[in-house]
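Quick look at model-v1.cif (mmCIF, C-alpha atoms):
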data_protein
loop_
_atom_site.label_atom_id
_atom_site.label_comp_id
_atom_site.auth_asym_id
_atom_site.auth_seq_id
_atom_site.Cartn_x
_atom_site.Cartn_y
_atom_site.Cartn_z
CA MET A 633 -11.45 3.65 -22.45
CA SER A 634 -12.19 4.73 -26.03
CA ARG A 635 -9.54 2.38 -27.38
CA TYR A 636 -10.57 -0.80 -25.61
CA TYR A 637 -14.31 -0.74 -25.08
CA ALA A 638 -15.22 -0.91 -28.78
CA SER A 639 -17.15 -3.76 -30.33
CA ASN A 640 -17.49 -4.58 -34.02
CA ILE A 641 -21.22 -3.98 -33.50
CA PRO A 642 -22.00 -0.24 -33.35
CA PHE A 643 -25.19 -0.83 -31.30
CA ILE A 644 -23.11 -2.26 -28.45
CA ASN A 645 -20.75 0.71 -28.60
CA GLU A 646 -23.67 3.12 -28.42
CA ILE A 647 -25.04 1.59 -25.23
CA SER A 648 -21.64 0.97 -23.64
CA GLY A 649 -20.52 4.51 -24.38
CA HIS A 650 -23.70 5.87 -22.82
CA ILE A 651 -22.62 4.60 -19.40
CA LEU A 652 -18.81 4.70 -19.75
CA PHE A 653 -18.61 8.33 -20.86
CA ALA A 654 -21.45 9.76 -18.78
CA GLY A 655 -19.16 11.04 -16.05
CA GLY A 656 -18.80 9.16 -12.81
CA LYS A 657 -16.03 9.42 -10.26
CA LYS A 658 -13.67 6.78 -11.74
CA ILE A 659 -12.59 5.84 -8.21
CA ARG A 660 -11.94 2.21 -9.07
CA PRO A 661 -9.37 2.94 -11.81
CA LEU A 662 -7.72 5.48 -9.54
CA LEU A 663 -7.42 2.88 -6.81
CA ALA A 664 -5.80 0.40 -9.19
CA VAL A 665 -3.26 2.96 -10.43
CA PHE A 666 -2.32 4.38 -7.05
CA SER A 667 -2.16 0.95 -5.41
CA ALA A 668 0.38 0.01 -8.08
CA LYS A 669 2.32 3.23 -7.52
CA LEU A 670 2.31 2.73 -3.77
CA CYS A 671 3.90 -0.68 -4.35
CA GLY A 672 6.75 0.91 -6.30
CA LEU A 673 5.52 1.06 -9.91
CA ASN A 674 6.93 4.10 -11.69
CA THR A 675 6.51 4.20 -15.46
CA ASP A 676 4.68 1.15 -16.85
CA GLY A 677 1.87 2.53 -19.04
CA LYS A 678 0.07 -0.81 -18.97
CA VAL A 679 -1.20 0.01 -15.50
CA TYR A 680 -3.79 2.23 -17.20
CA ASP A 681 -4.97 -0.73 -19.25
CA LEU A 682 -5.24 -2.65 -15.99
CA ALA A 683 -7.25 0.19 -14.47
CA LEU A 684 -9.90 -0.18 -17.18
CA ILE A 685 -10.88 -3.61 -15.88
CA PRO A 686 -12.75 -2.51 -12.73
CA GLU A 687 -14.33 0.42 -14.58
CA TYR A 688 -15.75 -1.88 -17.26
CA LEU A 689 -17.04 -4.23 -14.56
CA HIS A 690 -18.61 -1.33 -12.71
CA ALA A 691 -20.26 0.01 -15.88
CA ALA A 692 -21.60 -3.46 -16.73
CA SER A 693 -23.08 -3.81 -13.24
CA LEU A 694 -24.79 -0.40 -13.54
CA LEU A 695 -26.39 -1.38 -16.85
CA HIS A 696 -27.72 -4.58 -15.31
CA ASP A 697 -28.73 -2.93 -12.01
CA ASP A 698 -30.94 -0.38 -13.72
CA VAL A 699 -32.79 -3.10 -15.61
CA VAL A 700 -33.31 -5.17 -12.47
CA ASP A 701 -34.22 -2.22 -10.23
CA GLY A 702 -36.10 -0.08 -12.72
CA GLY A 703 -33.97 3.01 -12.04
CA LYS A 704 -34.95 5.86 -14.35
CA LEU A 705 -31.82 8.02 -14.07
CA ARG A 706 -28.12 7.19 -14.03
CA ARG A 707 -25.48 9.91 -13.67
CA GLY A 708 -28.06 12.54 -14.46
CA LYS A 709 -29.13 10.93 -17.75
CA PRO A 710 -31.91 8.47 -18.66
CA SER A 711 -30.91 4.92 -17.86
CA ALA A 712 -29.78 2.91 -20.88
CA TYR A 713 -32.76 0.55 -20.80
CA GLU A 714 -35.10 3.57 -21.00
CA ILE A 715 -33.53 4.38 -24.38
CA TRP A 716 -32.60 1.01 -25.88
CA GLY A 717 -34.76 -1.44 -23.93
CA ASN A 718 -33.97 -4.23 -21.51
CA GLN A 719 -32.62 -6.77 -23.96
CA GLY A 720 -30.02 -4.57 -25.61
CA THR A 721 -28.93 -3.09 -22.28
CA VAL A 722 -28.43 -6.48 -20.63
CA LEU A 723 -26.46 -7.76 -23.61
CA ALA A 724 -24.26 -4.64 -23.70
CA GLY A 725 -23.58 -5.23 -20.01
CA ASP A 726 -22.61 -8.80 -20.81
CA PHE A 727 -20.20 -7.49 -23.44
CA LEU A 728 -18.50 -5.18 -20.91
CA TYR A 729 -18.16 -8.04 -18.42
CA ALA A 730 -16.56 -10.16 -21.14
CA LYS A 731 -14.28 -7.30 -22.21
CA ALA A 732 -13.09 -6.83 -18.62
CA ILE A 733 -12.30 -10.52 -18.23
CA GLU A 734 -10.51 -10.57 -21.59
CA LEU A 735 -8.40 -7.59 -20.54
CA ALA A 736 -7.54 -9.35 -17.29
CA THR A 737 -6.12 -12.30 -19.21
CA ARG A 738 -3.59 -10.06 -20.99
CA PHE A 739 -1.44 -9.80 -17.87
CA SER A 740 1.08 -12.48 -17.10
CA ASP A 741 0.18 -12.86 -13.41
CA ILE A 742 -2.71 -15.33 -13.20
CA ARG A 743 -3.76 -13.78 -9.88
CA ILE A 744 -5.16 -10.77 -11.75
CA ALA A 745 -7.50 -12.85 -13.91
CA ARG A 746 -8.45 -15.04 -10.95
CA THR A 747 -9.29 -12.01 -8.80
CA ILE A 748 -11.48 -10.53 -11.53
CA ALA A 749 -13.31 -13.82 -12.14
CA GLU A 750 -13.98 -14.22 -8.42
CA THR A 751 -15.20 -10.63 -8.22
CA VAL A 752 -17.69 -11.08 -11.07
CA GLU A 753 -19.03 -14.15 -9.29
CA LEU A 754 -19.46 -12.20 -6.04
CA MET A 755 -21.14 -9.28 -7.80
CA SER A 756 -23.67 -11.64 -9.41
CA GLU A 757 -24.42 -13.22 -6.04
CA GLY A 758 -24.89 -9.78 -4.52
CA GLU A 759 -27.52 -8.85 -7.07
CA VAL A 760 -29.41 -12.08 -6.41
CA LEU A 761 -29.25 -11.61 -2.64
CA GLN A 762 -30.51 -8.04 -2.93
CA LEU A 763 -33.37 -9.21 -5.15
CA LEU A 764 -34.33 -11.94 -2.68
CA HIS A 765 -34.36 -9.53 0.25
CA ALA A 766 -36.23 -6.70 -1.49
CA LYS A 767 -39.35 -5.74 0.46
CA GLU A 768 -38.37 -8.02 3.35
CA PRO A 769 -37.69 -5.66 6.26
CA ASN A 770 -36.75 -8.40 8.68
CA PHE A 771 -33.08 -8.98 7.94
CA ASP A 772 -30.32 -7.65 10.11
CA GLU A 773 -27.14 -5.65 9.65
CA LYS A 774 -25.09 -8.80 9.14
CA THR A 775 -27.16 -9.69 6.08
CA TYR A 776 -26.90 -6.13 4.80
CA LEU A 777 -23.10 -6.26 5.10
CA ASP A 778 -23.05 -9.58 3.28
CA ILE A 779 -24.98 -8.07 0.36
CA ILE A 780 -22.85 -4.94 0.03
CA TYR A 781 -19.67 -6.99 0.30
CA ARG A 782 -20.68 -8.74 -2.88
CA LYS A 783 -22.33 -5.83 -4.69
CA THR A 784 -19.87 -3.03 -3.96
CA THR A 785 -16.98 -3.89 -1.67
CA ALA A 786 -15.57 -6.84 -3.61
CA LEU A 787 -14.90 -4.75 -6.74
CA ILE A 788 -13.34 -1.84 -4.84
CA SER A 789 -11.12 -4.23 -2.91
CA ALA A 790 -10.20 -6.04 -6.14
CA SER A 791 -9.27 -2.72 -7.78
CA CYS A 792 -6.65 -2.19 -5.10
CA LYS A 793 -5.48 -5.80 -5.13
CA ILE A 794 -4.84 -6.05 -8.88
CA GLY A 795 -2.83 -2.82 -8.78
CA ALA A 796 -0.64 -4.20 -6.01
CA VAL A 797 -0.22 -7.55 -7.79
CA PHE A 798 0.65 -5.85 -11.08
CA ALA A 799 3.35 -3.77 -9.40
CA GLY A 800 4.94 -6.83 -7.80
CA GLY A 801 3.89 -6.02 -4.24
CA ASP A 802 4.71 -8.60 -1.60
CA ASP A 803 2.03 -10.58 0.24
CA LYS A 804 1.86 -8.07 3.09
CA GLU A 805 1.38 -5.14 0.72
CA ILE A 806 -1.21 -6.94 -1.39
CA SER A 807 -3.15 -7.93 1.72
CA ALA A 808 -2.99 -4.41 3.16
CA LEU A 809 -4.30 -2.79 0.00
CA SER A 810 -7.03 -5.41 -0.38
CA ASP A 811 -8.12 -4.70 3.19
CA TYR A 812 -7.96 -0.94 2.61
CA GLY A 813 -10.24 -1.45 -0.39
CA PHE A 814 -12.58 -3.59 1.70
CA TYR A 815 -13.04 -0.88 4.33
CA LEU A 816 -13.31 1.80 1.67
CA GLY A 817 -15.94 -0.20 -0.22
CA GLN A 818 -18.07 -0.78 2.87
CA ALA A 819 -17.95 2.90 3.75
CA PHE A 820 -18.63 3.94 0.14
CA GLN A 821 -21.89 1.98 0.06
CA MET A 822 -23.00 3.25 3.45
CA ILE A 823 -22.52 6.86 2.35
CA ASP A 824 -24.36 6.00 -0.88
CA ASP A 825 -27.24 4.76 1.27
CA LEU A 826 -27.18 7.99 3.24
CA LEU A 827 -27.07 10.22 0.16
CA ASP A 828 -30.19 8.54 -1.20
CA TYR A 829 -32.09 10.43 1.52
CA THR A 830 -29.98 13.52 2.15
CA ALA A 831 -28.38 14.61 -1.15
CA ASP A 832 -29.60 17.10 -3.71
CA SER A 833 -31.07 15.16 -6.64
CA GLY A 834 -29.29 17.38 -9.16
CA GLU A 835 -25.94 16.63 -7.57
CA LEU A 836 -26.65 12.95 -7.02
CA GLY A 837 -27.67 12.31 -10.63
CA LYS A 838 -30.70 10.22 -9.72
CA ALA A 839 -33.98 10.71 -7.91
CA ILE A 840 -33.84 10.99 -4.13
CA GLY A 841 -35.53 8.06 -2.41
CA THR A 842 -34.70 5.64 -5.22
CA ASP A 843 -33.52 2.95 -2.81
CA LEU A 844 -36.77 3.13 -0.84
CA ALA A 845 -38.85 2.98 -4.03
CA GLU A 846 -36.90 -0.07 -5.23
CA GLY A 847 -37.35 -1.90 -1.94
CA LYS A 848 -33.68 -1.88 -0.98
CA LEU A 849 -33.15 -2.16 2.74
CA THR A 850 -30.13 0.06 3.15
CA LEU A 851 -28.23 0.66 6.38
CA PRO A 852 -30.25 3.75 7.42
CA LEU A 853 -33.41 1.65 7.09
CA VAL A 854 -31.91 -1.33 8.91
CA ALA A 855 -30.84 0.99 11.74
CA GLY A 856 -34.14 2.88 11.66
CA LEU A 857 -36.14 -0.32 12.05
CA GLU A 858 -33.99 -1.24 15.01
CA MET A 859 -34.30 2.19 16.65
CA ALA A 860 -37.97 2.99 15.95
CA ALA A 861 -40.65 1.81 18.32
CA GLY A 862 -44.40 1.32 18.49
CA ALA A 863 -46.57 3.06 15.93
CA GLU A 864 -43.61 4.60 14.10
CA LYS A 865 -42.04 1.21 13.47
CA GLU A 866 -45.36 -0.21 12.29
CA ARG A 867 -45.87 2.67 9.87
CA LEU A 868 -42.34 2.31 8.56
CA LEU A 869 -42.93 -1.40 7.93
CA LEU A 870 -46.14 -0.63 6.05
CA ILE A 871 -44.41 1.96 3.86
CA LEU A 872 -41.59 -0.46 3.08
CA LYS A 873 -44.06 -3.07 1.87
CA LYS A 874 -45.74 -0.66 -0.56
CA LYS A 875 -44.80 -0.55 -4.24
CA GLY A 876 -45.14 3.20 -4.62
CA HIS A 877 -44.49 6.08 -2.22
CA THR A 878 -45.79 9.61 -2.03
CA LYS A 879 -43.56 12.60 -1.37
CA GLU A 880 -45.19 12.87 2.06
CA GLU A 881 -44.24 9.28 2.87
CA LEU A 882 -40.65 9.84 1.73
CA ASP A 883 -40.43 13.00 3.83
CA TRP A 884 -41.81 11.12 6.84
CA VAL A 885 -39.30 8.28 6.44
CA ARG A 886 -36.44 10.76 6.07
CA ASP A 887 -37.53 12.62 9.22
CA LEU A 888 -37.88 9.36 11.17
CA LEU A 889 -34.43 8.13 10.17
CA ASP A 890 -33.00 11.50 11.17
CA THR A 891 -34.72 11.73 14.57
CA THR A 892 -34.06 8.13 15.55
CA GLY A 893 -30.35 8.58 14.89
CA ALA A 894 -30.23 6.14 11.94
CA PHE A 895 -28.48 8.69 9.72
CA ARG A 896 -25.96 9.47 12.45
CA TYR A 897 -25.34 5.77 13.06
CA THR A 898 -24.71 5.17 9.33
CA ARG A 899 -22.24 8.05 9.07
CA GLN A 900 -20.39 7.04 12.23
CA LYS A 901 -20.13 3.47 10.97
CA ALA A 902 -18.68 4.68 7.66
CA GLU A 903 -16.25 7.05 9.39
CA GLY A 904 -14.97 4.20 11.55
CA LEU A 905 -14.34 2.06 8.49
CA ILE A 906 -12.47 4.87 6.75
CA GLU A 907 -10.30 5.39 9.82
CA ALA A 908 -9.49 1.67 9.89
CA GLY A 909 -8.69 1.63 6.17
CA CYS A 910 -6.37 4.62 6.39
CA GLY A 911 -4.63 3.04 9.38
CA ILE A 912 -3.84 -0.06 7.33
CA LEU A 913 -1.95 2.08 4.82
CA ASP A 914 0.53 3.02 7.52
CA ILE A 915 2.51 -0.15 6.76
CA PHE A 916 3.78 1.86 3.76
CA LYS A 917 6.33 4.61 4.11
CA PRO A 918 4.99 8.18 3.92
CA SER A 919 4.59 9.22 0.27
CA TRP A 920 2.47 11.26 -2.07
CA GLU A 921 0.78 8.05 -3.28
CA ARG A 922 -0.18 7.07 0.26
CA ASP A 923 -1.56 10.56 0.83
CA VAL A 924 -3.65 10.29 -2.34
CA LEU A 925 -5.20 7.00 -1.18
CA LYS A 926 -5.97 8.46 2.23
CA GLY A 927 -7.44 11.50 0.49
CA LEU A 928 -9.68 9.27 -1.61
CA ALA A 929 -10.89 7.64 1.58
CA ARG A 930 -11.78 11.03 3.07
CA PHE A 931 -13.54 11.95 -0.18
CA VAL A 932 -15.84 8.95 0.30
CA ILE A 933 -17.09 10.48 3.54
CA GLU A 934 -17.32 14.05 2.26
CA ARG A 935 -18.83 13.49 -1.20
CA ARG A 936 -22.25 14.82 -2.14
CA LYS A 937 -22.89 12.46 -5.05
#
What does the file become when written as structure tokens?
Amino acid sequence: MSRYYASNIPFINEISGHILFAGGKKIRPLLAVFSAKLCGLNTDGKVYDLALIPEYLHAASLLHDDVVDGGKLRRGKPSAYEIWGNQGTVLAGDFLYAKAIELATRFSDIRIARTIAETVELMSEGEVLQLLHAKEPNFDEKTYLDIIYRKTTALISASCKIGAVFAGGDDKEISALSDYGFYLGQAFQMIDDLLDYTADSGELGKAIGTDLAEGKLTLPLVAGLEMAAGAEKERLLLILKKKGHTKEELDWVRDLLDTTGAFRYTRQKAEGLIEAGCGILDIFKPSWERDVLKGLARFVIERRK
């Protein structure tokens, strides 16, 4: 990461480094590497260069997301735009997108560059869709899934796919790992939604209730609106339409989503996706690499941040 992210302009490096080296789980690079290994790659060090691509894309999307959403904290630190302003942060994000695409073109298989280009397009669409649906509590689970497919799932699926392509996996293997990444990505976002209400803010690295404050209708809210009735549903709708929320309102929403079963529904949905994703990996022979990927899937369900 230190070798490839650098720009000739120190200001860009300062902002990019703020997000790239602030911690994070680095799940997307891990998925690229272990997908390649599962498809038979043994020693090619270039797989680690490949693994940088989804991490740069992810970092770029976080820089842009915080500007759009107004998030104050990212990975336990002030968001980049809080330090350097909106303009510099957006442009540094643009640089990381460009760097990821440039890296993708260094590999001989055109499918890698094509997958990355398609993923950037989907991620941009996801941001726009989320913006359009903010503060509109009348869309259904299908719309929610469409948004998270673009915002989160596409990149996680692409991380697995480019690893398989790089290693020379056959069509069946590439498809299986892409699908595994799809299920993993869906579940990852659902657990993210859940943690926004149930995690410890110190562990999570951002304020609890951020999604509610930003007007994001996450799966617990979609399910809660479906399950609530009468006065509770009306109050929830009123809170969702507000621009600011008190601690008492956040506590009330959290309690409602818990008692209606919205939290339980979200977790069960994510667990089902993880089970499906792990099942797909059974086309591969038992191996340490397969176990690692299944372990990563279980980590998605068990994580606290």
Which residues fall under the PyMOL selection byres ((chain A and resi 814) around 12) in this file, as a compact mmCIF listing (two decimals) with C-alpha atoms, in the coordinates of the input?
# COMPACT_ATOMS: atom_id res chain seq x y z
CA LEU A 663 -7.42 2.88 -6.81
CA LEU A 777 -23.10 -6.26 5.10
CA ILE A 780 -22.85 -4.94 0.03
CA TYR A 781 -19.67 -6.99 0.30
CA ARG A 782 -20.68 -8.74 -2.88
CA LYS A 783 -22.33 -5.83 -4.69
CA THR A 784 -19.87 -3.03 -3.96
CA THR A 785 -16.98 -3.89 -1.67
CA ALA A 786 -15.57 -6.84 -3.61
CA LEU A 787 -14.90 -4.75 -6.74
CA ILE A 788 -13.34 -1.84 -4.84
CA SER A 789 -11.12 -4.23 -2.91
CA ALA A 790 -10.20 -6.04 -6.14
CA SER A 791 -9.27 -2.72 -7.78
CA CYS A 792 -6.65 -2.19 -5.10
CA LYS A 793 -5.48 -5.80 -5.13
CA SER A 807 -3.15 -7.93 1.72
CA ALA A 808 -2.99 -4.41 3.16
CA LEU A 809 -4.30 -2.79 0.00
CA SER A 810 -7.03 -5.41 -0.38
CA ASP A 811 -8.12 -4.70 3.19
CA TYR A 812 -7.96 -0.94 2.61
CA GLY A 813 -10.24 -1.45 -0.39
CA TYR A 815 -13.04 -0.88 4.33
CA LEU A 816 -13.31 1.80 1.67
CA GLY A 817 -15.94 -0.20 -0.22
CA GLN A 818 -18.07 -0.78 2.87
CA ALA A 819 -17.95 2.90 3.75
CA PHE A 820 -18.63 3.94 0.14
CA GLN A 821 -21.89 1.98 0.06
CA ALA A 902 -18.68 4.68 7.66
CA LEU A 905 -14.34 2.06 8.49
CA ILE A 906 -12.47 4.87 6.75
CA ALA A 908 -9.49 1.67 9.89
CA GLY A 909 -8.69 1.63 6.17
CA CYS A 910 -6.37 4.62 6.39
CA ILE A 912 -3.84 -0.06 7.33
CA ALA A 929 -10.89 7.64 1.58
Selection near A:Arg867, 12 Å with only C-alpha atoms, sequence-local residues under 5 positions removed, as a PyMOL selection string:
chain A and resi 856-857+860-862+872-874+881+884-885+888
For the atom pair atom CA of A:Asn718 and atom CA of A:Gln762, what is the interatomic distance in Å to one decimal place?
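Computing it gives 19.3 Å between the two atoms.
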Written as a PyMOL selection string, what is the full residue list that the PyMOL selection byres ((chain A and resi 692-703) around 7) yields on the file shown?
chain A and resi 688-691+704-705+711-713+718+721-722+725-726+728-729+846
Pick from A:Glu866, A:Ala831, A:Lys774, A:Leu882, whichever lies nearest to A:Val854 using only C-alpha atoms
A:Lys774
Skip A:Val665 itself and residues of its chain fewer than 3 positions away, then list as number ranges by chain all residues within 12 Å of it, counting only C-alpha atoms.
A: 658-662, 668-686, 791-799, 809, 921-922, 924-925
For the residues in the current selection, export C-alpha atoms as a tab-separated table (two decimals), in the coordinates of the input.
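Contents of selection_3.tsv, freshly written:
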chain	number	residue	atom	x	y	z
A	658	LYS	CA	-13.67	6.78	-11.74
A	659	ILE	CA	-12.59	5.84	-8.21
A	660	ARG	CA	-11.94	2.21	-9.07
A	661	PRO	CA	-9.37	2.94	-11.81
A	662	LEU	CA	-7.72	5.48	-9.54
A	668	ALA	CA	0.38	0.01	-8.08
A	669	LYS	CA	2.32	3.23	-7.52
A	670	LEU	CA	2.31	2.73	-3.77
A	671	CYS	CA	3.90	-0.68	-4.35
A	672	GLY	CA	6.75	0.91	-6.30
A	673	LEU	CA	5.52	1.06	-9.91
A	674	ASN	CA	6.93	4.10	-11.69
A	675	THR	CA	6.51	4.20	-15.46
A	676	ASP	CA	4.68	1.15	-16.85
A	677	GLY	CA	1.87	2.53	-19.04
A	678	LYS	CA	0.07	-0.81	-18.97
A	679	VAL	CA	-1.20	0.01	-15.50
A	680	TYR	CA	-3.79	2.23	-17.20
A	681	ASP	CA	-4.97	-0.73	-19.25
A	682	LEU	CA	-5.24	-2.65	-15.99
A	683	ALA	CA	-7.25	0.19	-14.47
A	684	LEU	CA	-9.90	-0.18	-17.18
A	685	ILE	CA	-10.88	-3.61	-15.88
A	686	PRO	CA	-12.75	-2.51	-12.73
A	791	SER	CA	-9.27	-2.72	-7.78
A	792	CYS	CA	-6.65	-2.19	-5.10
A	793	LYS	CA	-5.48	-5.80	-5.13
A	794	ILE	CA	-4.84	-6.05	-8.88
A	795	GLY	CA	-2.83	-2.82	-8.78
A	796	ALA	CA	-0.64	-4.20	-6.01
A	797	VAL	CA	-0.22	-7.55	-7.79
A	798	PHE	CA	0.65	-5.85	-11.08
A	799	ALA	CA	3.35	-3.77	-9.40
A	809	LEU	CA	-4.30	-2.79	0.00
A	921	GLU	CA	0.78	8.05	-3.28
A	922	ARG	CA	-0.18	7.07	0.26
A	924	VAL	CA	-3.65	10.29	-2.34
A	925	LEU	CA	-5.20	7.00	-1.18
